[in-house]
Amino acid sequence: MTSGGPFPEPCPSSSSSSSSQPQDNDLEYGIDANADDDGFVDPFDIANTKNASLDSLRRWRQAALVLNASRRFRYTLDLKKEEEKEQSRRMIRSHAQVIRAALLFKLAGQQEIVLGASASPPTPTGDYGIGLEQLASMTRDNNLRALEQHGSVKGLAGLLKSNLETGVSGKDDDLLNRRNAFGSNTYPHKKGKGFLSFLWESWQDLTLIILIVAAIASLVLGIKTEGLKEGWYDGGSITLAVLLVIFVTATSDYRQSLQFQNLNEEKRNIQLEVIRGSRREKVSIYDIVVGDVVPLKIGDQVPADGIFISGHSLSIDESSMTGESKIVHKDKKAPFLMAGCKVADGFGNMLVTGVGINTEWGLLMASISEDTGEETPLQVRLNGGGNFHRHCGAVCCPFCAGCVTSPFIAGRTSASKAVDGVIKIVTIAVTIVVVAVPEGLPLAVTLTLAYSMRKMMADKALVRRLSACETMGSATTICSDKTGTLTLNQMTVVEAYAGKAKLDPPGDASHMQGELSTLLIEGIAVNTTGSVFPAKNGGSVEFSGSPTEKAILSWGVKLGMKFDTIRSEAIVLHVSPFNSEKKTRWSCIAIDVHIHWKGAAEMVLASCTQFLDTDGDLKSIDNEKLFFKGVIDEMAAKSLRCVAFAYMPYHKDKVPNTNEEELAQWVLPEDNMVLLAIVGIKDPCRPGVKDAVRLCADAGVKVRMVTGDNIQTAKAIALECGILASDADAAEPTVIEGKTFRSLPEEEREKVVKRITVMGRSSPTDKLLLVQALRKGGDVVAVTGDGTNDAPALHEV
């Protein structure tokens, strides 16, 4: 991009990319790659347009000579509103107490009016050992000393009548008491604009103002020339058309505003897990109360203010609240978490200490409202075309006037005829203006897009932006994730190998003897983010966690795993969480110091040098690797997700001290592991996917599957879904691995990208590179996905 011209203007985004985006993404991580060795920064050279600063955008607009700038920048970021939002954030952070008091006073007044004298603002009831203001100020000020005075997080949980392991009781009366004492996790929303506001805005459009003036002129001239009985026809018809446009536009905008309010409510109503009564339950974010224990994992939004209890490698992106694009590590030395921030890496549990307007996030949401008055790109172009016609009409008017008045100027026309000529001139000018202004075209486009949005909502597709209806109609390719999008995300272990023996059925542990069974069950129980707990109805056990974790835990129970017993006996020293880059996870536990690994089968197998057979004997894997690779390929050919389990014995004297900082820097050797088992997990295709893919192909839209799964599994699912027609199509580069695509030079990537149909073992970066290459080639790209690893690609489009 050069600084010589005004187009294209960078288009920033208000949301940050996923944590899995590479850290050389300079603007996201606060490092300006455009700075030279002397520290000079070119304000016009923007490397990453998605995260361009407001100052850079302002310089672009000020430096560019743009005709009709108000229309040119109408669909871009409103810099003035962004500055106002940032000022609101700063004001809230510096005057949080005053704003909170004002909001409480306002809410109390509203309750007094509606409910009478019995209503009162939430205040501490005396049932808890700490008050609302103490909690709010401690969290707001990150007051570690105050936390220690209350007995750290364990003592604070006691004051809040909560338990760090089992959470609150979850009974209705207990939850009600907590809401009365500490407030609910809601905040007042700004009231939307009424119909009269939209009516007022509709007639202020320049096009309609010109038409109103033209209607008045036509009415006056018509009555003057033709009399009242017939002279009002032209002016009256224009007036009627203008009124119709105003009312229809206002009605459409008002209904669209109501739809957006409903969509925003759906978007805000996040479902998340909490621990209540020793059970993990899915609840609405609005139902979170002070004292709740909330598990957090990569991609989650922190639902309320809280304090870190325990976890591993928990990193939080606080840019939405602090404005600094810096990932903050959370541990017992920095335990305070702010609502509204995102979990960038790791996992952990938090104790909720502040909800609703008692958090900075709640105050921010109560103070600002989302702007929904956008126009689609097509509407902008149509309005620009209307401006062009309007200018042509304005140029034609004086030309016509000159032609008609020239005889009078030359002295060949009498005064009475001159007056009639002037009236004729004005009439012609009004006619030109009325004909030149396409007042019905933007309205027709708005109604068409609004109708499309309503039809999509009827199909349970929530349209966040009106422009999406237009853009989706222009899509030429769809990059789809596999798990949960093309498949049901309902996973079950259907094949299992322990050592070299196939377990048939997979839950039959009778073939495993001694140490193999013990180590495998231990690895399943401790190396997981899920849990096993008794069912509410007194039936079989229930499982929590991701679908993959649930499938593995269910398999472990069939093998005879006693989850609670093993977890209580194990001391977890350190955990490296699973992420989409490395596709493995390991846990180090202090039972003779075992390090358990779990992850993508071929990646774990590549690091193994030995395996345990069913008799518990340790054997070299060198001569058996081909066998295990064949097992993985056979499972993958059946559309199974392959997961391997391995472990490594470790010497106690090599383990760092239990100091968290030292453990965080601990780098384990990723070799000499001992293979325990390989399982195949079935995730059936979603019904109707094959028909949907065929419909897309008939419409000229190419469907590409981009997944983190094994390339063989990806190929099998693609054949099952109809994305690949036959095995003959499954050759490179039609089917390609993420690392192969990533290693290609940029020019080569742009050449082969059109031929790619399936990408396996892809990282979030690979998905992003694929989308960028397709867009450079002229494709209009749609991306679907439901995981945090899809975030960079979704953010790009």
# chains A, B, ... in the order shown; residues from 1 in each chain; ligands from 1

$ residues_around --residues "range 126-140 of chain A" --least-positions-apart "6" --cutoff "10 Å" --atoms "only C-alpha atoms" --output "ChimeraX atom specification"
/A:93,96-97,146-147,150,156-161,177-178,181-183,290,305-307,335-338,353-355,358-360

$ closest_residue --among "A:Val706, A:Met365, A:Cys721, A:Val674" --to "Leu516 in chain A" --atoms "only C-alpha atoms"
A:Val674

$ atom_distance --atom1 "CA of Ser517 in chain A" --atom2 "CA of Val494 in chain A"
18.4 Å

$ select_by_dssp --residues "range 262-320 of chain A" --states "helix (DSSP H, G or I)" --output "count of residues only"
12

$ closest_atom_pairs --of "range 262-366 of chain A" --to "range 162-172 of chain A" --cutoff "8 Å" --atoms "only C-alpha atoms" --output "JSON lines"
{"residue": "A:Ile275", "atom": "CA", "partner": "A:Gly167", "partner_atom": "CA", "distance": 5.2}
{"residue": "A:Arg276", "atom": "CA", "partner": "A:Gly167", "partner_atom": "CA", "distance": 4.8}
{"residue": "A:Gly277", "atom": "CA", "partner": "A:Ser169", "partner_atom": "CA", "distance": 4.7}
{"residue": "A:Ser278", "atom": "CA", "partner": "A:Thr166", "partner_atom": "CA", "distance": 4.0}
{"residue": "A:Arg279", "atom": "CA", "partner": "A:Thr166", "partner_atom": "CA", "distance": 7.2}
{"residue": "A:Gly291", "atom": "CA", "partner": "A:Ser162", "partner_atom": "CA", "distance": 5.5}
{"residue": "A:Asp292", "atom": "CA", "partner": "A:Gly167", "partner_atom": "CA", "distance": 5.7}
{"residue": "A:Val293", "atom": "CA", "partner": "A:Gly167", "partner_atom": "CA", "distance": 5.2}
{"residue": "A:Ile309", "atom": "CA", "partner": "A:Leu164", "partner_atom": "CA", "distance": 7.3}
{"residue": "A:Leu351", "atom": "CA", "partner": "A:Leu164", "partner_atom": "CA", "distance": 7.5}

$ write_last_selection --atoms "N, CA and C atoms" --output "compact mmCIF listing (two decimals), in the first residue's frame"
# COMPACT_ATOMS: atom_id res chain seq x y z
N ILE A 275 -19.38 -24.38 38.33
CA ILE A 275 -19.38 -25.51 39.27
C ILE A 275 -20.32 -25.17 40.41
N ARG A 276 -21.40 -25.92 40.55
CA ARG A 276 -22.36 -25.72 41.63
C ARG A 276 -22.72 -27.07 42.22
N GLY A 277 -22.56 -27.19 43.52
CA GLY A 277 -22.86 -28.45 44.18
C GLY A 277 -22.05 -29.61 43.64
N SER A 278 -20.76 -29.38 43.37
CA SER A 278 -19.81 -30.38 42.87
C SER A 278 -20.09 -30.80 41.43
N ARG A 279 -21.04 -30.16 40.77
CA ARG A 279 -21.39 -30.51 39.40
C ARG A 279 -21.08 -29.35 38.46
N GLY A 291 -19.58 -15.61 44.12
CA GLY A 291 -19.32 -16.87 44.82
C GLY A 291 -19.24 -18.05 43.89
N ASP A 292 -19.71 -17.89 42.64
CA ASP A 292 -19.63 -18.99 41.68
C ASP A 292 -18.17 -19.30 41.34
N VAL A 293 -17.91 -20.58 41.10
CA VAL A 293 -16.61 -21.01 40.59
C VAL A 293 -16.78 -21.31 39.11
N ILE A 309 -8.19 -18.95 40.97
CA ILE A 309 -8.11 -19.99 42.00
C ILE A 309 -6.94 -20.92 41.70
N LEU A 351 -12.94 -17.46 40.97
CA LEU A 351 -14.00 -17.19 41.94
C LEU A 351 -14.62 -15.84 41.59

$ residues_around --residues "range 558-560 of chain A" --least-positions-apart "2" --cutoff "7 Å" --atoms "only C-alpha atoms" --output "list in words"
Gly507, Asp508, Ala509, Ser554, Trp555, Gly556 and Lys562 of chain A

$ residues_around --residues "Arg775 in chain A" --least-positions-apart "4" --cutoff "12 Å" --atoms "only C-alpha atoms" --output "list in words"
Ala475, Thr476, Thr477, Ile478, Cys479, Glu750, Val753, Lys754, Leu768, Leu769, Leu770, Val771, Asp779, Val780, Val781, Ala782, Val783, Ala793, Glu796 and Val797 of chain A

$ write_last_selection --atoms "N, CA, C and O atoms" --output "mmCIF file, in the first residue's frame"
data_model
loop_
_atom_site.group_PDB
_atom_site.id
_atom_site.type_symbol
_atom_site.label_atom_id
_atom_site.label_comp_id
_atom_site.auth_asym_id
_atom_site.auth_seq_id
_atom_site.Cartn_x
_atom_site.Cartn_y
_atom_site.Cartn_z
ATOM 1 N N ALA A 475 -20.741 -14.665 -2.747
ATOM 2 C CA ALA A 475 -19.664 -15.589 -2.369
ATOM 3 C C ALA A 475 -19.376 -16.565 -3.504
ATOM 4 O O ALA A 475 -20.283 -17.093 -4.149
ATOM 5 N N THR A 476 -18.080 -16.799 -3.742
ATOM 6 C CA THR A 476 -17.659 -17.748 -4.767
ATOM 7 C C THR A 476 -17.040 -19.004 -4.169
ATOM 8 O O THR A 476 -16.912 -20.010 -4.856
ATOM 9 N N THR A 477 -16.654 -18.939 -2.892
ATOM 10 C CA THR A 477 -16.073 -20.117 -2.243
ATOM 11 C C THR A 477 -16.374 -20.077 -0.751
ATOM 12 O O THR A 477 -16.490 -18.997 -0.160
ATOM 13 N N ILE A 478 -16.538 -21.261 -0.174
ATOM 14 C CA ILE A 478 -16.796 -21.400 1.268
ATOM 15 C C ILE A 478 -15.690 -22.242 1.862
ATOM 16 O O ILE A 478 -15.455 -23.383 1.425
ATOM 17 N N CYS A 479 -14.995 -21.700 2.859
ATOM 18 C CA CYS A 479 -13.980 -22.449 3.596
ATOM 19 C C CYS A 479 -14.618 -22.918 4.902
ATOM 20 O O CYS A 479 -14.875 -22.106 5.793
ATOM 21 N N GLU A 750 -0.432 -18.572 -4.084
ATOM 22 C CA GLU A 750 -1.512 -17.953 -4.868
ATOM 23 C C GLU A 750 -1.814 -18.734 -6.145
ATOM 24 O O GLU A 750 -2.937 -18.682 -6.656
ATOM 25 N N VAL A 753 -3.683 -22.230 -4.790
ATOM 26 C CA VAL A 753 -4.803 -22.125 -3.864
ATOM 27 C C VAL A 753 -6.144 -22.439 -4.526
ATOM 28 O O VAL A 753 -7.050 -22.989 -3.895
ATOM 29 N N LYS A 754 -6.267 -22.135 -5.832
ATOM 30 C CA LYS A 754 -7.528 -22.393 -6.532
ATOM 31 C C LYS A 754 -7.814 -23.882 -6.646
ATOM 32 O O LYS A 754 -8.977 -24.299 -6.773
ATOM 33 N N LEU A 768 -5.822 -18.857 7.860
ATOM 34 C CA LEU A 768 -5.745 -17.440 7.528
ATOM 35 C C LEU A 768 -5.026 -17.224 6.200
ATOM 36 O O LEU A 768 -5.473 -16.446 5.351
ATOM 37 N N LEU A 769 -3.901 -17.931 5.998
ATOM 38 C CA LEU A 769 -3.148 -17.800 4.741
ATOM 39 C C LEU A 769 -3.992 -18.242 3.553
ATOM 40 O O LEU A 769 -3.939 -17.635 2.476
ATOM 41 N N LEU A 770 -4.790 -19.311 3.732
ATOM 42 C CA LEU A 770 -5.650 -19.798 2.650
ATOM 43 C C LEU A 770 -6.680 -18.741 2.262
ATOM 44 O O LEU A 770 -6.876 -18.455 1.066
ATOM 45 N N VAL A 771 -7.323 -18.150 3.261
ATOM 46 C CA VAL A 771 -8.339 -17.126 2.993
ATOM 47 C C VAL A 771 -7.715 -15.917 2.303
ATOM 48 O O VAL A 771 -8.266 -15.377 1.333
ATOM 49 N N ASP A 779 -11.503 -14.096 -5.283
ATOM 50 C CA ASP A 779 -12.658 -14.807 -4.742
ATOM 51 C C ASP A 779 -13.326 -13.987 -3.638
ATOM 52 O O ASP A 779 -12.649 -13.278 -2.879
ATOM 53 N N VAL A 780 -14.650 -14.102 -3.548
ATOM 54 C CA VAL A 780 -15.387 -13.599 -2.390
ATOM 55 C C VAL A 780 -15.542 -14.783 -1.452
ATOM 56 O O VAL A 780 -16.219 -15.761 -1.776
ATOM 57 N N VAL A 781 -14.882 -14.735 -0.297
ATOM 58 C CA VAL A 781 -14.725 -15.908 0.565
ATOM 59 C C VAL A 781 -15.676 -15.835 1.753
ATOM 60 O O VAL A 781 -15.778 -14.807 2.418
ATOM 61 N N ALA A 782 -16.360 -16.948 1.996
ATOM 62 C CA ALA A 782 -17.136 -17.114 3.223
ATOM 63 C C ALA A 782 -16.432 -18.157 4.084
ATOM 64 O O ALA A 782 -15.911 -19.147 3.555
ATOM 65 N N VAL A 783 -16.391 -17.940 5.390
ATOM 66 C CA VAL A 783 -15.739 -18.860 6.320
ATOM 67 C C VAL A 783 -16.749 -19.297 7.361
ATOM 68 O O VAL A 783 -17.472 -18.470 7.917
ATOM 69 N N ALA A 793 -9.273 -16.617 10.666
ATOM 70 C CA ALA A 793 -9.862 -16.635 9.328
ATOM 71 C C ALA A 793 -11.217 -15.933 9.319
ATOM 72 O O ALA A 793 -11.527 -15.170 8.396
ATOM 73 N N GLU A 796 -10.650 -12.289 9.360
ATOM 74 C CA GLU A 796 -10.123 -11.762 8.098
ATOM 75 C C GLU A 796 -11.246 -11.412 7.141
ATOM 76 O O GLU A 796 -11.185 -10.404 6.433
ATOM 77 N N VAL A 797 -12.304 -12.234 7.100
ATOM 78 C CA VAL A 797 -13.379 -11.989 6.142
ATOM 79 C C VAL A 797 -14.473 -11.129 6.739
ATOM 80 O O VAL A 797 -15.386 -10.733 6.043
#

$ residues_around --residues "Val532 in chain A" --least-positions-apart "3" --cutoff "12 Å" --atoms "only C-alpha atoms" --output "PyMOL selection string"
chain A and resi 278-280+524-526+528-529+535+540-545+549-557+561-567

$ write_last_selection --atoms "N, CA, C and O atoms" --output "tab-separated table (two decimals), in the first residue's frame"
chain	number	residue	atom	x	y	z
A	278	SER	N	-20.76	-29.38	43.37
A	278	SER	CA	-19.81	-30.38	42.87
A	278	SER	C	-20.09	-30.80	41.43
A	278	SER	O	-19.45	-31.71	40.92
A	279	ARG	N	-21.04	-30.16	40.77
A	279	ARG	CA	-21.39	-30.51	39.40
A	279	ARG	C	-21.08	-29.35	38.46
A	279	ARG	O	-21.16	-28.20	38.85
A	280	ARG	N	-20.74	-29.68	37.25
A	280	ARG	CA	-20.58	-28.65	36.22
A	280	ARG	C	-21.90	-28.48	35.50
A	280	ARG	O	-22.44	-29.46	34.98
A	524	ILE	N	-5.73	-40.96	31.31
A	524	ILE	CA	-7.06	-40.47	30.92
A	524	ILE	C	-7.63	-39.57	32.03
A	524	ILE	O	-8.21	-38.52	31.74
A	525	ALA	N	-7.43	-39.96	33.27
A	525	ALA	CA	-8.04	-39.23	34.39
A	525	ALA	C	-7.37	-37.91	34.69
A	525	ALA	O	-8.05	-36.91	34.98
A	526	VAL	N	-6.04	-37.86	34.62
A	526	VAL	CA	-5.35	-36.64	35.06
A	526	VAL	C	-5.07	-35.67	33.91
A	526	VAL	O	-5.00	-34.46	34.13
A	528	THR	N	-6.72	-34.20	31.46
A	528	THR	CA	-7.99	-33.81	30.85
A	528	THR	C	-8.49	-32.51	31.48
A	528	THR	O	-8.16	-32.21	32.63
A	529	THR	N	-9.30	-31.78	30.71
A	529	THR	CA	-9.98	-30.61	31.26
A	529	THR	C	-11.42	-30.94	31.61
A	529	THR	O	-12.14	-30.09	32.13
A	535	ALA	N	-24.80	-38.68	38.05
A	535	ALA	CA	-25.95	-38.09	37.37
A	535	ALA	C	-26.96	-37.59	38.38
A	535	ALA	O	-27.06	-38.09	39.51
A	540	SER	N	-26.49	-43.44	35.63
A	540	SER	CA	-25.07	-43.56	35.34
A	540	SER	C	-24.40	-42.19	35.47
A	540	SER	O	-25.05	-41.18	35.65
A	541	VAL	N	-23.08	-42.20	35.35
A	541	VAL	CA	-22.32	-40.96	35.53
A	541	VAL	C	-22.53	-40.03	34.34
A	541	VAL	O	-22.94	-40.45	33.26
A	542	GLU	N	-22.21	-38.76	34.56
A	542	GLU	CA	-22.25	-37.76	33.50
A	542	GLU	C	-20.86	-37.20	33.29
A	542	GLU	O	-19.99	-37.29	34.16
A	543	PHE	N	-20.66	-36.60	32.11
A	543	PHE	CA	-19.34	-36.10	31.75
A	543	PHE	C	-19.44	-34.63	31.35
A	543	PHE	O	-20.47	-34.19	30.83
A	544	SER	N	-18.37	-33.89	31.59
A	544	SER	CA	-18.30	-32.50	31.15
A	544	SER	C	-16.99	-32.30	30.39
A	544	SER	O	-16.05	-33.08	30.54
A	545	GLY	N	-16.95	-31.25	29.58
A	545	GLY	CA	-15.77	-30.97	28.79
A	545	GLY	C	-16.12	-30.90	27.32
A	545	GLY	O	-17.29	-30.91	26.94
A	549	GLU	N	-13.15	-34.78	24.82
A	549	GLU	CA	-12.86	-35.15	26.20
A	549	GLU	C	-13.95	-36.07	26.76
A	549	GLU	O	-13.67	-37.04	27.45
A	550	LYS	N	-15.20	-35.75	26.45
A	550	LYS	CA	-16.30	-36.59	26.93
A	550	LYS	C	-16.19	-38.01	26.39
A	550	LYS	O	-16.42	-38.99	27.11
A	551	ALA	N	-15.85	-38.13	25.10
A	551	ALA	CA	-15.72	-39.46	24.49
A	551	ALA	C	-14.61	-40.26	25.16
A	551	ALA	O	-14.77	-41.45	25.45
A	552	ILE	N	-13.47	-39.61	25.43
A	552	ILE	CA	-12.34	-40.31	26.04
A	552	ILE	C	-12.64	-40.67	27.49
A	552	ILE	O	-12.32	-41.79	27.95
A	553	LEU	N	-13.27	-39.76	28.24
A	553	LEU	CA	-13.63	-40.07	29.63
A	553	LEU	C	-14.65	-41.21	29.70
A	553	LEU	O	-14.56	-42.06	30.59
A	554	SER	N	-15.60	-41.21	28.78
A	554	SER	CA	-16.59	-42.29	28.74
A	554	SER	C	-15.90	-43.63	28.48
A	554	SER	O	-16.23	-44.65	29.10
A	555	TRP	N	-14.92	-43.62	27.57
A	555	TRP	CA	-14.14	-44.82	27.30
A	555	TRP	C	-13.35	-45.24	28.55
A	555	TRP	O	-13.28	-46.44	28.88
A	556	GLY	N	-12.78	-44.27	29.25
A	556	GLY	CA	-12.03	-44.58	30.47
A	556	GLY	C	-12.89	-45.23	31.53
A	556	GLY	O	-12.45	-46.17	32.22
A	557	VAL	N	-14.13	-44.75	31.69
A	557	VAL	CA	-15.04	-45.36	32.67
A	557	VAL	C	-15.33	-46.81	32.32
A	557	VAL	O	-15.39	-47.69	33.18
A	561	MET	N	-12.07	-46.95	35.06
A	561	MET	CA	-11.46	-45.77	35.69
A	561	MET	C	-12.30	-45.26	36.85
A	561	MET	O	-13.51	-45.07	36.72
A	562	LYS	N	-11.68	-45.03	38.00
A	562	LYS	CA	-12.29	-44.37	39.15
A	562	LYS	C	-11.78	-42.93	39.18
A	562	LYS	O	-10.73	-42.64	39.75
A	563	PHE	N	-12.51	-42.06	38.51
A	563	PHE	CA	-12.01	-40.71	38.23
A	563	PHE	C	-11.66	-39.95	39.50
A	563	PHE	O	-10.55	-39.43	39.64
A	564	ASP	N	-12.60	-39.85	40.44
A	564	ASP	CA	-12.37	-39.06	41.66
A	564	ASP	C	-11.22	-39.60	42.48
A	564	ASP	O	-10.42	-38.85	43.04
A	565	THR	N	-11.10	-40.93	42.56
A	565	THR	CA	-10.02	-41.54	43.36
A	565	THR	C	-8.66	-41.21	42.77
A	565	THR	O	-7.73	-40.80	43.49
A	566	ILE	N	-8.53	-41.37	41.46
A	566	ILE	CA	-7.24	-41.10	40.82
A	566	ILE	C	-6.88	-39.63	40.92
A	566	ILE	O	-5.73	-39.28	41.22
A	567	ARG	N	-7.85	-38.75	40.72
A	567	ARG	CA	-7.58	-37.30	40.79
A	567	ARG	C	-7.17	-36.89	42.20
A	567	ARG	O	-6.33	-36.00	42.37

$ select_by_dssp --residues "range 215-377 of chain A" --states "strand (DSSP E or B)" --output "PyMOL selection string"
chain A and resi 271-276+279-284+293-296+301+305-317+327-329+331+334+336-337+342-354

$ closest_atom_pairs --of "range 677-774 of chain A" --to "range 644-651 of chain A" --cutoff "7 Å" --atoms "only C-alpha atoms" --output "tab-separated table"
residue	atom	partner	partner_atom	distance
A:Ala677	CA	A:Phe645	CA	5.3
A:Ile678	CA	A:Ala644	CA	4.3
A:Val679	CA	A:Ala644	CA	6.4

$ residues_around --residues "range 232-244 of chain A" --least-positions-apart "3" --cutoff "8 Å" --atoms "only C-alpha atoms" --output "number ranges by chain"
A: 208, 211-212, 214-220, 222-223, 228-229, 247-248
